>>> print(open('data.txt').read())   # compact mmCIF, C-alpha atoms
# COMPACT_ATOMS: atom_id res chain seq x y z
CA MET A 1 -20.23 19.00 -14.72
CA ILE A 2 -20.12 15.36 -15.74
CA SER A 3 -18.28 13.01 -13.41
CA ALA A 4 -15.53 10.80 -14.71
CA ALA A 5 -16.07 7.05 -15.10
CA THR A 6 -14.20 4.19 -16.67
CA SER A 7 -15.77 1.48 -18.78
CA THR A 8 -15.62 -0.36 -22.05
CA THR A 9 -14.70 1.23 -25.36
CA THR A 10 -16.91 1.33 -28.43
CA PRO A 11 -16.03 2.63 -31.89
CA THR A 12 -17.91 5.59 -33.32
CA THR A 13 -17.75 6.53 -36.99
CA THR A 14 -18.71 9.99 -38.24
CA THR A 15 -19.39 10.97 -41.82
CA THR A 16 -21.06 14.37 -41.46
CA THR A 17 -18.31 16.27 -43.28
CA GLY A 18 -17.97 13.83 -46.17
CA THR A 19 -15.00 12.03 -44.65
CA THR A 20 -14.94 9.07 -42.29
CA ALA A 21 -13.21 9.36 -38.95
CA THR A 22 -13.19 6.57 -36.39
CA HIS A 23 -12.60 7.30 -32.72
CA ASP A 24 -12.56 5.07 -29.70
CA VAL A 25 -15.24 6.48 -27.44
CA ASP A 26 -15.52 4.98 -23.97
CA ASP A 27 -18.77 5.14 -22.06
CA ARG A 28 -17.75 8.19 -20.04
CA VAL A 29 -16.85 10.15 -23.16
CA ALA A 30 -20.03 9.01 -24.86
CA THR A 31 -22.01 10.26 -21.87
CA VAL A 32 -20.37 13.68 -22.13
CA LEU A 33 -21.00 13.86 -25.87
CA ASP A 34 -24.63 12.82 -25.45
CA GLU A 35 -25.16 15.39 -22.71
CA PHE A 36 -23.60 18.18 -24.76
CA ALA A 37 -25.75 17.28 -27.78
CA GLY A 38 -28.78 17.11 -25.49
CA HIS A 39 -28.33 20.74 -24.50
CA PHE A 40 -29.22 21.67 -28.07
CA ILE A 41 -32.66 20.04 -27.84
CA ALA A 42 -33.57 20.49 -24.18
CA SER A 43 -31.75 23.57 -22.95
CA LEU A 44 -32.49 24.77 -19.43
CA ARG A 45 -34.30 28.11 -19.64
CA ALA A 46 -32.91 30.94 -17.54
CA PRO A 47 -35.75 32.68 -15.70
CA VAL A 48 -36.71 36.31 -16.16
CA LEU A 49 -35.64 37.27 -12.64
CA HIS A 50 -35.26 41.03 -12.90
CA HIS A 51 -37.57 43.75 -14.16
CA PRO A 52 -36.99 47.31 -15.37
CA SER A 53 -39.02 48.60 -12.42
CA GLU A 54 -36.13 47.58 -10.12
CA TYR A 55 -34.16 50.39 -11.74
CA GLY A 56 -36.96 52.94 -11.86
CA MET A 57 -37.96 52.33 -15.46
CA ALA A 58 -41.47 51.93 -16.76
CA ALA A 59 -41.84 48.96 -19.09
CA GLU A 60 -44.61 47.42 -21.15
CA THR A 61 -44.70 43.64 -21.49
CA VAL A 62 -45.09 42.95 -25.20
CA THR A 63 -45.57 39.92 -27.41
CA PHE A 64 -44.95 39.66 -31.12
CA PRO A 65 -44.29 36.91 -33.66
CA ALA A 66 -40.98 35.86 -35.12
CA SER A 67 -40.88 35.83 -38.91
CA ASP A 68 -42.11 32.21 -38.85
CA GLY A 69 -44.84 32.91 -36.28
CA VAL A 70 -43.18 31.72 -33.05
CA PRO A 71 -44.54 33.90 -30.20
CA LEU A 72 -41.86 36.04 -28.54
CA GLU A 73 -42.18 37.95 -25.27
CA GLY A 74 -40.27 40.97 -24.08
CA TRP A 75 -40.28 44.50 -22.72
CA PHE A 76 -40.66 47.81 -24.45
CA ILE A 77 -38.92 50.38 -22.25
CA PRO A 78 -39.81 53.91 -23.38
CA ALA A 79 -37.51 56.91 -23.17
CA GLU A 80 -39.68 59.99 -23.13
CA GLY A 81 -39.14 62.29 -26.10
CA SER A 82 -36.70 59.95 -27.85
CA ASP A 83 -36.99 58.92 -31.50
CA LYS A 84 -34.28 56.26 -31.24
CA ILE A 85 -34.62 52.60 -30.26
CA VAL A 86 -32.12 49.84 -29.48
CA ILE A 87 -33.22 46.22 -29.92
CA ALA A 88 -31.40 43.91 -27.50
CA ASN A 89 -30.73 40.22 -28.21
CA HIS A 90 -29.31 37.93 -25.51
CA PRO A 91 -26.82 35.01 -25.34
CA MET A 92 -27.62 31.30 -25.47
CA THR A 93 -29.00 29.88 -22.18
CA PHE A 94 -29.77 33.43 -20.94
CA SER A 95 -33.04 35.33 -20.91
CA ARG A 96 -33.66 38.99 -21.62
CA SER A 97 -32.91 39.68 -17.92
CA GLY A 98 -29.66 37.70 -17.86
CA GLN A 99 -28.71 34.52 -16.03
CA PRO A 100 -28.36 33.63 -12.31
CA THR A 101 -25.06 31.81 -12.74
CA HIS A 102 -24.29 32.34 -9.05
CA ARG A 103 -27.07 29.84 -8.27
CA GLU A 104 -27.66 26.19 -9.09
CA PRO A 105 -27.93 24.55 -11.51
CA TRP A 106 -26.21 27.23 -13.60
CA LEU A 107 -23.29 27.41 -11.16
CA SER A 108 -22.47 23.75 -11.72
CA MET A 109 -22.95 24.13 -15.47
CA TRP A 110 -20.55 27.04 -15.85
CA GLY A 111 -18.38 27.06 -12.72
CA SER A 112 -15.47 25.10 -14.20
CA SER A 113 -14.89 27.96 -16.65
CA GLY A 114 -14.87 30.58 -13.89
CA ASN A 115 -18.27 31.97 -14.83
CA THR A 116 -19.79 32.07 -11.36
CA MET A 117 -21.38 35.53 -11.16
CA GLU A 118 -24.88 36.67 -11.92
CA VAL A 119 -25.40 38.60 -15.13
CA ASP A 120 -28.23 41.14 -14.84
CA PHE A 121 -28.92 42.63 -18.26
CA VAL A 122 -31.58 45.02 -16.95
CA GLN A 123 -28.70 47.23 -15.86
CA ASP A 124 -27.72 47.48 -19.55
CA TYR A 125 -31.19 48.68 -20.41
CA ARG A 126 -31.00 51.31 -17.67
CA ILE A 127 -27.79 52.67 -19.19
CA LEU A 128 -29.33 52.76 -22.67
CA HIS A 129 -32.53 54.32 -21.32
CA ASP A 130 -30.64 57.00 -19.41
CA ALA A 131 -28.64 57.74 -22.57
CA GLY A 132 -31.90 58.54 -24.37
CA TYR A 133 -32.79 55.31 -26.12
CA ASN A 134 -36.04 53.40 -26.14
CA VAL A 135 -35.29 49.71 -25.65
CA LEU A 136 -36.91 46.53 -26.92
CA ALA A 137 -35.52 43.55 -25.00
CA TYR A 138 -37.05 40.15 -25.64
CA ASP A 139 -36.47 36.42 -25.17
CA LEU A 140 -35.33 34.41 -28.16
CA ARG A 141 -37.28 31.26 -29.00
CA ASN A 142 -36.79 28.40 -26.53
CA HIS A 143 -35.50 30.94 -23.99
CA GLY A 144 -37.08 32.87 -21.13
CA LEU A 145 -40.82 33.28 -21.59
CA SER A 146 -40.90 33.07 -25.38
CA GLY A 147 -42.49 30.19 -27.25
CA ALA A 148 -41.01 26.76 -27.87
CA ALA A 149 -40.13 25.89 -31.44
CA HIS A 150 -38.66 23.03 -33.45
CA GLY A 151 -39.08 20.65 -30.52
CA GLY A 152 -36.76 22.83 -28.45
CA ILE A 153 -33.88 22.75 -30.94
CA LEU A 154 -31.30 25.50 -30.57
CA GLY A 155 -29.92 26.60 -33.92
CA SER A 156 -26.89 28.66 -32.88
CA GLY A 157 -28.44 31.58 -34.78
CA LEU A 158 -29.63 29.72 -37.86
CA LEU A 159 -33.18 29.44 -36.51
CA GLU A 160 -33.08 32.33 -34.05
CA ALA A 161 -32.43 34.69 -36.97
CA ARG A 162 -36.20 34.56 -37.46
CA ASP A 163 -36.62 36.19 -34.05
CA VAL A 164 -34.34 39.07 -34.98
CA LEU A 165 -36.36 39.58 -38.15
CA GLY A 166 -39.59 39.50 -36.14
CA SER A 167 -38.29 42.12 -33.72
CA LEU A 168 -37.45 44.48 -36.58
CA LYS A 169 -40.90 44.01 -38.11
CA TYR A 170 -42.52 44.65 -34.73
CA VAL A 171 -40.67 47.94 -34.22
CA ARG A 172 -41.54 49.05 -37.74
CA GLU A 173 -45.25 48.36 -37.19
CA ARG A 174 -45.81 49.14 -33.50
CA ALA A 175 -47.76 52.31 -32.78
CA GLY A 176 -45.32 55.11 -32.08
CA THR A 177 -42.12 53.39 -33.20
CA PRO A 178 -42.15 53.03 -37.04
CA SER A 179 -40.29 56.31 -37.56
CA MET A 180 -37.67 55.62 -34.91
CA THR A 181 -33.99 55.24 -35.74
CA ILE A 182 -32.98 51.63 -35.03
CA GLY A 183 -29.77 50.24 -33.56
CA LEU A 184 -29.01 46.66 -32.49
CA PHE A 185 -27.31 45.39 -29.33
CA SER A 186 -26.87 41.67 -30.01
CA ARG A 187 -24.87 39.54 -27.60
CA CYS A 188 -23.32 36.10 -28.34
CA LEU A 189 -26.18 33.96 -29.72
CA GLY A 190 -27.95 37.25 -30.38
CA ALA A 191 -25.00 38.40 -32.47
CA ASN A 192 -24.83 35.09 -34.35
CA SER A 193 -28.58 35.33 -34.97
CA THR A 194 -28.22 38.88 -36.26
CA PHE A 195 -25.41 37.84 -38.63
CA ALA A 196 -27.55 34.91 -39.83
CA ALA A 197 -30.60 37.14 -40.32
CA MET A 198 -28.56 39.51 -42.50
CA THR A 199 -27.47 36.48 -44.51
CA GLN A 200 -31.04 35.22 -44.93
CA GLN A 201 -32.88 38.52 -45.48
CA PRO A 202 -30.47 41.41 -45.98
CA ARG A 203 -33.18 43.86 -47.11
CA ALA A 204 -34.84 43.57 -43.71
CA PHE A 205 -31.94 45.62 -42.31
CA ASP A 206 -32.34 48.55 -44.68
CA GLY A 207 -32.20 51.67 -42.56
CA VAL A 208 -30.86 49.98 -39.41
CA ARG A 209 -28.04 52.29 -38.43
CA CYS A 210 -25.57 50.14 -36.49
CA LEU A 211 -24.83 47.01 -34.51
CA VAL A 212 -22.99 46.46 -31.23
CA ALA A 213 -22.08 42.76 -31.12
CA PRO A 214 -20.52 41.48 -27.88
CA GLN A 215 -18.86 38.10 -28.07
CA PRO A 216 -20.15 36.32 -31.17
CA VAL A 217 -18.82 32.78 -31.20
CA THR A 218 -18.44 29.83 -33.55
CA THR A 219 -20.34 26.91 -32.02
CA GLY A 220 -17.67 24.36 -32.87
CA ILE A 221 -14.99 26.45 -31.17
CA ILE A 222 -16.79 26.92 -27.86
CA LEU A 223 -17.82 23.25 -27.81
CA GLN A 224 -14.19 22.16 -28.20
CA HIS A 225 -13.22 24.23 -25.18
CA GLN A 226 -16.19 22.96 -23.18
CA LEU A 227 -15.23 19.38 -23.99
CA GLU A 228 -11.75 19.95 -22.62
CA LEU A 229 -13.14 21.47 -19.43
CA ALA A 230 -15.23 18.29 -19.07
CA GLY A 231 -12.08 16.18 -19.40
CA VAL A 232 -12.72 15.09 -23.00
CA SER A 233 -10.30 15.68 -25.87
CA ARG A 234 -11.38 18.23 -28.45
CA ASN A 235 -10.55 15.53 -30.99
CA HIS A 236 -14.01 14.10 -30.25
CA ILE A 237 -15.68 17.13 -31.83
CA SER A 238 -16.56 15.13 -34.95
CA SER A 239 -18.39 12.56 -32.81
CA LEU A 240 -20.26 15.42 -31.12
CA ASP A 241 -21.06 16.86 -34.54
CA GLU A 242 -22.60 13.55 -35.58
CA ARG A 243 -24.77 13.54 -32.46
CA LEU A 244 -25.88 17.11 -33.16
CA VAL A 245 -26.92 16.17 -36.69
CA LEU A 246 -28.82 13.11 -35.50
CA ARG A 247 -30.67 15.09 -32.80
CA THR A 248 -31.18 18.46 -34.44
CA GLY A 249 -30.56 18.03 -38.16
CA ILE A 250 -28.07 20.93 -38.06
CA SER A 251 -24.33 20.31 -38.34
CA LEU A 252 -21.56 22.46 -36.91
CA ALA A 253 -20.70 23.59 -40.43
CA GLU A 254 -24.24 24.95 -40.79
CA ARG A 255 -23.81 26.87 -37.50
CA ASP A 256 -20.71 28.79 -38.60
CA ALA A 257 -21.08 32.48 -37.68
CA ARG A 258 -17.77 33.26 -39.37
CA GLU A 259 -19.48 32.68 -42.71
CA TRP A 260 -22.54 34.74 -41.75
CA ALA A 261 -20.27 37.64 -40.77
CA LYS A 262 -19.42 38.03 -44.48
CA ASN A 263 -22.95 39.34 -44.99
CA VAL A 264 -23.07 42.00 -42.27
CA THR A 265 -24.49 45.17 -43.81
CA MET A 266 -24.12 47.88 -41.16
CA PRO A 267 -21.42 49.58 -39.05
CA THR A 268 -20.47 47.05 -36.38
CA PHE A 269 -18.70 47.30 -33.03
CA VAL A 270 -17.48 43.89 -31.81
CA TYR A 271 -15.99 43.26 -28.39
CA GLN A 272 -14.70 40.12 -26.73
CA VAL A 273 -12.73 38.87 -23.71
CA ARG A 274 -9.37 38.24 -25.39
CA ASP A 275 -8.30 35.36 -23.12
CA ASP A 276 -11.78 33.85 -22.72
CA ILE A 277 -11.22 30.26 -21.55
CA LEU A 278 -14.25 29.14 -23.56
CA THR A 279 -13.10 30.50 -26.91
CA GLU A 280 -9.99 31.74 -28.69
CA PRO A 281 -9.23 35.21 -30.01
CA GLU A 282 -8.70 33.99 -33.57
CA ASP A 283 -12.38 33.08 -33.80
CA VAL A 284 -13.69 36.58 -33.17
CA GLN A 285 -10.82 38.11 -35.14
CA THR A 286 -11.86 36.02 -38.15
CA MET A 287 -15.48 37.12 -37.80
CA PHE A 288 -14.42 40.73 -37.55
CA ASP A 289 -12.11 40.42 -40.56
CA ASN A 290 -14.93 38.82 -42.55
CA ILE A 291 -17.28 41.79 -42.03
CA PRO A 292 -17.06 43.45 -45.47
CA LEU A 293 -17.11 47.05 -44.23
CA ASP A 294 -14.61 49.75 -43.39
CA ASP A 295 -16.83 51.19 -40.66
CA LYS A 296 -16.21 48.59 -37.97
CA LYS A 297 -14.34 48.31 -34.69
CA LEU A 298 -12.96 45.46 -32.57
CA HIS A 299 -12.38 46.01 -28.85
CA TRP A 300 -10.66 43.45 -26.61
CA VAL A 301 -11.57 43.07 -22.94
CA GLU A 302 -8.29 42.42 -21.15
CA GLY A 303 -7.18 41.05 -17.81
CA THR A 304 -9.64 38.18 -17.43
CA THR A 305 -10.33 34.68 -18.72
CA VAL A 306 -14.00 34.81 -17.67
CA ARG A 307 -16.48 35.08 -20.53
CA TRP A 308 -19.14 36.66 -18.34
CA ASP A 309 -16.83 39.65 -17.83
CA GLY A 310 -17.47 40.38 -21.49
CA TYR A 311 -21.22 40.41 -20.88
CA LEU A 312 -20.69 42.78 -17.94
CA GLU A 313 -18.32 45.08 -19.84
CA PHE A 314 -21.10 47.41 -20.97
CA GLN A 315 -22.21 47.98 -17.36
CA ARG A 316 -18.65 48.62 -16.22
CA ARG A 317 -17.36 50.72 -19.12
CA PRO A 318 -20.26 51.70 -21.39
CA GLU A 319 -18.79 54.76 -23.06
CA PRO A 320 -17.19 53.10 -26.14
CA MET A 321 -20.46 51.38 -27.02
CA LEU A 322 -22.57 54.45 -26.29
CA ALA A 323 -20.22 56.48 -28.48
CA TRP A 324 -20.82 54.00 -31.31
CA PHE A 325 -24.58 54.34 -30.96
CA ARG A 326 -24.31 58.16 -30.82
CA GLU A 327 -22.07 58.33 -33.86
CA HIS A 328 -24.34 56.20 -36.03
CA MET A 329 -27.81 56.95 -34.68
CA GLY A 330 -27.44 60.71 -34.40
>>> encode(input="data.txt", output="structure tokens")
Amino acid sequence: MISAATSTTTPTTTTTTGTTATHDVDDRVATVLDEFAGHFIASLRAPVLHHPSEYGMAAETVTFPASDGVPLEGWFIPAEGSDKIVIANHPMTFSRSGQPTHREPWLSMWGSSGNTMEVDFVQDYRILHDAGYNVLAYDLRNHGLSGAAHGGILGSGLLEARDVLGSLKYVRERAGTPSMTIGLFSRCLGANSTFAAMTQQPRAFDGVRCLVAPQPVTTGIILQHQLELAGVSRNHISSLDERLVLRTGISLAERDAREWAKNVTMPTFVYQVRDDILTEPEDVQTMFDNIPLDDKKLHWVEGTTVRWDGYLEFQRRPEPMLAWFREHMG
């Protein structure tokens, strides 16, 4: 993380929300804010370290365009005799295969929040495959081996929604898959992107049977917690918001997944580490409450403050999620 330093103080004025707020921002705080904003234009890509073959699965490397033409790369993992497919979307800073947070530089980036273990998502695909599902797992734009876009800007789902739309189009047009029943397994940024895609193009989800959405998050909420872990008051969030607008053109208000959740159109299973040190339960509860459906479920992961435990929950206790897919995909 960023080391502490003392220096002079300079005033910063923000006006991104229509009001003016002035904060005294010393050089150390300014450095933290600049670094945080920088992650949204030059995010470190997690490598694709694992492959389905490690778990005895055949996989085809595939490429397809997002709805705006950005080239995306992933795996199609076939399940012989199955007419069902799950499309998997990953979290921010991860790749389709996960993230080696037990190694540098990811360990230093996430260690202060207790997230120090590797997350290997290929194990998720093995569970889905063994349960009888074909799997499409791919890297979102500016992640893994997929194409760069928007100068590297991360949109918290606003831009990545185009990747979700592209994955649906690919499955509907790929030889052998157009008639398959579709379900979505969209984690964190993947969940936000799926919510945003349903907001932008709801008809694209006609016929998609269900969504499992681990740990969606409001960008402003997780950034406030990350600021505090870096020794900076969450009261500086407006100064960070100004930096985000200046660097990416997208404000925190425009990255609000709680609003996108109001447009979810399919049965949705949400789960989240309740005491996640990087978020707060009210955030996910609000998203869940905003989903305008009766057919939805919220499951809390208890006994940990580590966010990555939520990403590993499916590998440790997959039955509730598999039951959701079975119920809605036949």
>>> closest_residue(input="data.txt", among="A:His102, A:Arg162, A:Arg126, A:His51", to="Val86 (chain A)", atoms="only C-alpha atoms")
A:Arg126
>>> closest_residue(input="data.txt", among="A:Pro216, A:Thr248, A:Tyr311, A:Glu327", to="Gln285 (chain A)", atoms="only C-alpha atoms")
A:Pro216
>>> closest_atom_pairs(input="data.txt", of="region 183-242 of chain A", to="region 143-158 of chain A", cutoff="6 Å", atoms="only C-alpha atoms", output="Markdown table")
| residue | atom | partner | partner_atom | distance |
| --- | --- | --- | --- | --- |
| A:Asn192 | CA | A:Gly157 | CA | 5.1 |
| A:Ser193 | CA | A:Gly157 | CA | 3.8 |
| A:Ala196 | CA | A:Leu158 | CA | 5.9 |
>>> closest_residue(input="data.txt", among="A:Tyr170, A:Trp308, A:Phe64, A:Phe121", to="Ile277 (chain A)", atoms="all atoms listed in the file")
A:Trp308
>>> residues_around(input="data.txt", residues="Asp139 (chain A)", least_positions_apart="5", cutoff="12 Å", atoms="only C-alpha atoms", output="PyMOL selection string")
chain A and resi 45-48+61-66+70-75+87-98+121+144-148+160+163-164+166-167+186+189-190
>>> closest_residue(input="data.txt", among="A:Thr116, A:Gln226, A:Gln272, A:Asn235", to="Val284 (chain A)", atoms="only C-alpha atoms")
A:Gln272
>>> closest_residue(input="data.txt", among="A:Arg326, A:Arg307, A:Arg258, A:Lys297", to="Asp275 (chain A)", atoms="all atoms listed in the file")
A:Arg307
>>> residues_near_point(input="data.txt", point="(-11.0, 17.5, -18.8)", cutoff="12 Å", atoms="all atoms listed in the file", output="number ranges by chain")
A: 1-4, 28-29, 32, 112-113, 224-234
>>> residues_near_point(input="data.txt", point="(-23.3, 44.2, -22.4)", cutoff="10 Å", atoms="all atoms listed in the file", output="list in words")
Ala88, His90, Val119, Asp120, Phe121, Val122, Gln123, Asp124, Tyr125, Phe185, Ser186, Arg187, Val212, Ala213, Pro214, Gln215, Tyr271, Trp308, Asp309, Gly310, Tyr311, Leu312, Glu313, Phe314, Gln315, Arg316, Arg317, Pro318 and Met321 of chain A
>>> residues_around(input="data.txt", residues="Cys210 (chain A)", least_positions_apart="6", cutoff="9 Å", atoms="only C-alpha atoms", output="list of chain:residue names")
A:Ile182, A:Gly183, A:Leu184, A:Phe185, A:Thr265, A:Met266, A:Pro267, A:Thr268, A:Phe269, A:Trp324, A:Phe325, A:His328, A:Met329
>>> closest_residue(input="data.txt", among="A:Leu168, A:Ala37, A:Pro320, A:Leu128", to="Thr219 (chain A)", atoms="all atoms listed in the file")
A:Ala37
>>> residues_around(input="data.txt", residues="region 197-203 of chain A", least_positions_apart="6", cutoff="7 Å", atoms="all atoms listed in the file", output="PyMOL selection string")
chain A and resi 161-162+164-165+260+263-264
>>> write_last_selection(input="data.txt", atoms="C-alpha atoms", output="JSON list (two decimals), keeping the file's coordinate frame")
[["chain", "number", "residue", "atom", "x", "y", "z"],
["A", 161, "ALA", "CA", -32.43, 34.69, -36.97],
["A", 162, "ARG", "CA", -36.20, 34.56, -37.46],
["A", 164, "VAL", "CA", -34.34, 39.07, -34.98],
["A", 165, "LEU", "CA", -36.36, 39.58, -38.15],
["A", 260, "TRP", "CA", -22.54, 34.74, -41.75],
["A", 263, "ASN", "CA", -22.95, 39.34, -44.99],
["A", 264, "VAL", "CA", -23.07, 42.00, -42.27]]
>>> atom_distance(input="data.txt", atom1="CA of Asn290 (chain A)", atom2="CA of Thr305 (chain A)")
24.6 Å
>>> atom_distance(input="data.txt", atom1="CA of Leu252 (chain A)", atom2="CA of Ile222 (chain A)")
11.2 Å
>>> atom_distance(input="data.txt", atom1="CA of Ser67 (chain A)", atom2="CA of Lys169 (chain A)")
8.2 Å
>>> decode(input="data.txt", residues="region 271-280 of chain A", atoms="all heavy atoms", output="PDB file, in the first residue's frame")
ATOM      1  N   TYR A 271     -25.119 -13.419  -3.363  1.00  0.00           N
ATOM      2  CA  TYR A 271     -24.481 -13.757  -2.088  1.00  0.00           C
ATOM      3  C   TYR A 271     -23.283 -12.876  -1.843  1.00  0.00           C
ATOM      4  O   TYR A 271     -22.690 -12.322  -2.773  1.00  0.00           O
ATOM      5  CB  TYR A 271     -24.139 -15.244  -1.976  1.00  0.00           C
ATOM      6  CG  TYR A 271     -23.181 -15.846  -2.974  1.00  0.00           C
ATOM      7  CD1 TYR A 271     -21.823 -15.970  -2.700  1.00  0.00           C
ATOM      8  CD2 TYR A 271     -23.648 -16.367  -4.179  1.00  0.00           C
ATOM      9  CE1 TYR A 271     -20.953 -16.577  -3.594  1.00  0.00           C
ATOM     10  CE2 TYR A 271     -22.787 -16.985  -5.081  1.00  0.00           C
ATOM     11  CZ  TYR A 271     -21.437 -17.086  -4.783  1.00  0.00           C
ATOM     12  OH  TYR A 271     -20.579 -17.688  -5.670  1.00  0.00           O
ATOM     13  N   GLN A 272     -22.952 -12.715  -0.540  1.00  0.00           N
ATOM     14  CA  GLN A 272     -21.984 -11.704  -0.125  1.00  0.00           C
ATOM     15  C   GLN A 272     -21.439 -12.045   1.263  1.00  0.00           C
ATOM     16  O   GLN A 272     -22.180 -12.518   2.125  1.00  0.00           O
ATOM     17  CB  GLN A 272     -22.678 -10.331  -0.066  1.00  0.00           C
ATOM     18  CG  GLN A 272     -21.932  -9.232   0.658  1.00  0.00           C
ATOM     19  CD  GLN A 272     -20.701  -8.748  -0.092  1.00  0.00           C
ATOM     20  OE1 GLN A 272     -20.731  -8.641  -1.308  1.00  0.00           O
ATOM     21  NE2 GLN A 272     -19.633  -8.453   0.619  1.00  0.00           N
ATOM     22  N   VAL A 273     -20.140 -11.801   1.475  1.00  0.00           N
ATOM     23  CA  VAL A 273     -19.567 -11.869   2.819  1.00  0.00           C
ATOM     24  C   VAL A 273     -20.189 -10.745   3.643  1.00  0.00           C
ATOM     25  O   VAL A 273     -20.016  -9.565   3.327  1.00  0.00           O
ATOM     26  CB  VAL A 273     -18.030 -11.727   2.771  1.00  0.00           C
ATOM     27  CG1 VAL A 273     -17.457 -11.560   4.177  1.00  0.00           C
ATOM     28  CG2 VAL A 273     -17.395 -12.935   2.083  1.00  0.00           C
ATOM     29  N   ARG A 274     -20.924 -11.104   4.688  1.00  0.00           N
ATOM     30  CA  ARG A 274     -21.680 -10.091   5.440  1.00  0.00           C
ATOM     31  C   ARG A 274     -20.754  -9.043   6.070  1.00  0.00           C
ATOM     32  O   ARG A 274     -21.030  -7.842   6.023  1.00  0.00           O
ATOM     33  CB  ARG A 274     -22.519 -10.756   6.533  1.00  0.00           C
ATOM     34  CG  ARG A 274     -23.452  -9.758   7.221  1.00  0.00           C
ATOM     35  CD  ARG A 274     -24.085 -10.343   8.468  1.00  0.00           C
ATOM     36  NE  ARG A 274     -24.975 -11.456   8.215  1.00  0.00           N
ATOM     37  CZ  ARG A 274     -26.278 -11.339   7.940  1.00  0.00           C
ATOM     38  NH1 ARG A 274     -26.828 -10.142   7.869  1.00  0.00           N
ATOM     39  NH2 ARG A 274     -27.018 -12.414   7.736  1.00  0.00           N
ATOM     40  N   ASP A 275     -19.653  -9.494   6.668  1.00  0.00           N
ATOM     41  CA  ASP A 275     -18.761  -8.587   7.390  1.00  0.00           C
ATOM     42  C   ASP A 275     -17.530  -8.212   6.571  1.00  0.00           C
ATOM     43  O   ASP A 275     -16.483  -7.868   7.135  1.00  0.00           O
ATOM     44  CB  ASP A 275     -18.337  -9.225   8.715  1.00  0.00           C
ATOM     45  CG  ASP A 275     -19.519  -9.445   9.642  1.00  0.00           C
ATOM     46  OD1 ASP A 275     -20.425  -8.581   9.661  1.00  0.00           O
ATOM     47  OD2 ASP A 275     -19.548 -10.474  10.340  1.00  0.00           O
ATOM     48  N   ASP A 276     -17.646  -8.261   5.267  1.00  0.00           N
ATOM     49  CA  ASP A 276     -16.569  -7.897   4.347  1.00  0.00           C
ATOM     50  C   ASP A 276     -15.974  -6.551   4.751  1.00  0.00           C
ATOM     51  O   ASP A 276     -16.668  -5.529   4.782  1.00  0.00           O
ATOM     52  CB  ASP A 276     -17.153  -7.825   2.934  1.00  0.00           C
ATOM     53  CG  ASP A 276     -16.150  -7.452   1.864  1.00  0.00           C
ATOM     54  OD1 ASP A 276     -14.966  -7.232   2.183  1.00  0.00           O
ATOM     55  OD2 ASP A 276     -16.573  -7.381   0.695  1.00  0.00           O
ATOM     56  N   ILE A 277     -14.665  -6.530   5.038  1.00  0.00           N
ATOM     57  CA  ILE A 277     -14.011  -5.304   5.485  1.00  0.00           C
ATOM     58  C   ILE A 277     -13.965  -4.246   4.391  1.00  0.00           C
ATOM     59  O   ILE A 277     -13.794  -3.055   4.666  1.00  0.00           O
ATOM     60  CB  ILE A 277     -12.590  -5.624   6.006  1.00  0.00           C
ATOM     61  CG1 ILE A 277     -12.033  -4.468   6.839  1.00  0.00           C
ATOM     62  CG2 ILE A 277     -11.657  -5.968   4.854  1.00  0.00           C
ATOM     63  CD1 ILE A 277     -10.721  -4.792   7.521  1.00  0.00           C
ATOM     64  N   LEU A 278     -14.153  -4.657   3.139  1.00  0.00           N
ATOM     65  CA  LEU A 278     -14.093  -3.719   2.023  1.00  0.00           C
ATOM     66  C   LEU A 278     -15.442  -3.131   1.641  1.00  0.00           C
ATOM     67  O   LEU A 278     -15.503  -2.247   0.780  1.00  0.00           O
ATOM     68  CB  LEU A 278     -13.480  -4.411   0.795  1.00  0.00           C
ATOM     69  CG  LEU A 278     -11.981  -4.723   0.884  1.00  0.00           C
ATOM     70  CD1 LEU A 278     -11.544  -5.566  -0.300  1.00  0.00           C
ATOM     71  CD2 LEU A 278     -11.170  -3.432   0.948  1.00  0.00           C
ATOM     72  N   THR A 279     -16.514  -3.620   2.237  1.00  0.00           N
ATOM     73  CA  THR A 279     -17.838  -3.110   1.894  1.00  0.00           C
ATOM     74  C   THR A 279     -18.659  -2.995   3.162  1.00  0.00           C
ATOM     75  O   THR A 279     -18.133  -2.970   4.272  1.00  0.00           O
ATOM     76  CB  THR A 279     -18.546  -4.024   0.879  1.00  0.00           C
ATOM     77  OG1 THR A 279     -18.773  -5.308   1.473  1.00  0.00           O
ATOM     78  CG2 THR A 279     -17.718  -4.196  -0.377  1.00  0.00           C
ATOM     79  N   GLU A 280     -19.966  -2.932   3.005  1.00  0.00           N
ATOM     80  CA  GLU A 280     -20.887  -2.941   4.136  1.00  0.00           C
ATOM     81  C   GLU A 280     -22.166  -3.651   3.711  1.00  0.00           C
ATOM     82  O   GLU A 280     -22.567  -3.552   2.537  1.00  0.00           O
ATOM     83  CB  GLU A 280     -21.168  -1.518   4.616  1.00  0.00           C
ATOM     84  CG  GLU A 280     -21.528  -0.542   3.529  1.00  0.00           C
ATOM     85  CD  GLU A 280     -21.250   0.905   3.919  1.00  0.00           C
ATOM     86  OE1 GLU A 280     -20.139   1.223   4.373  1.00  0.00           O
ATOM     87  OE2 GLU A 280     -22.178   1.716   3.742  1.00  0.00           O
TER      88      GLU A 280
END
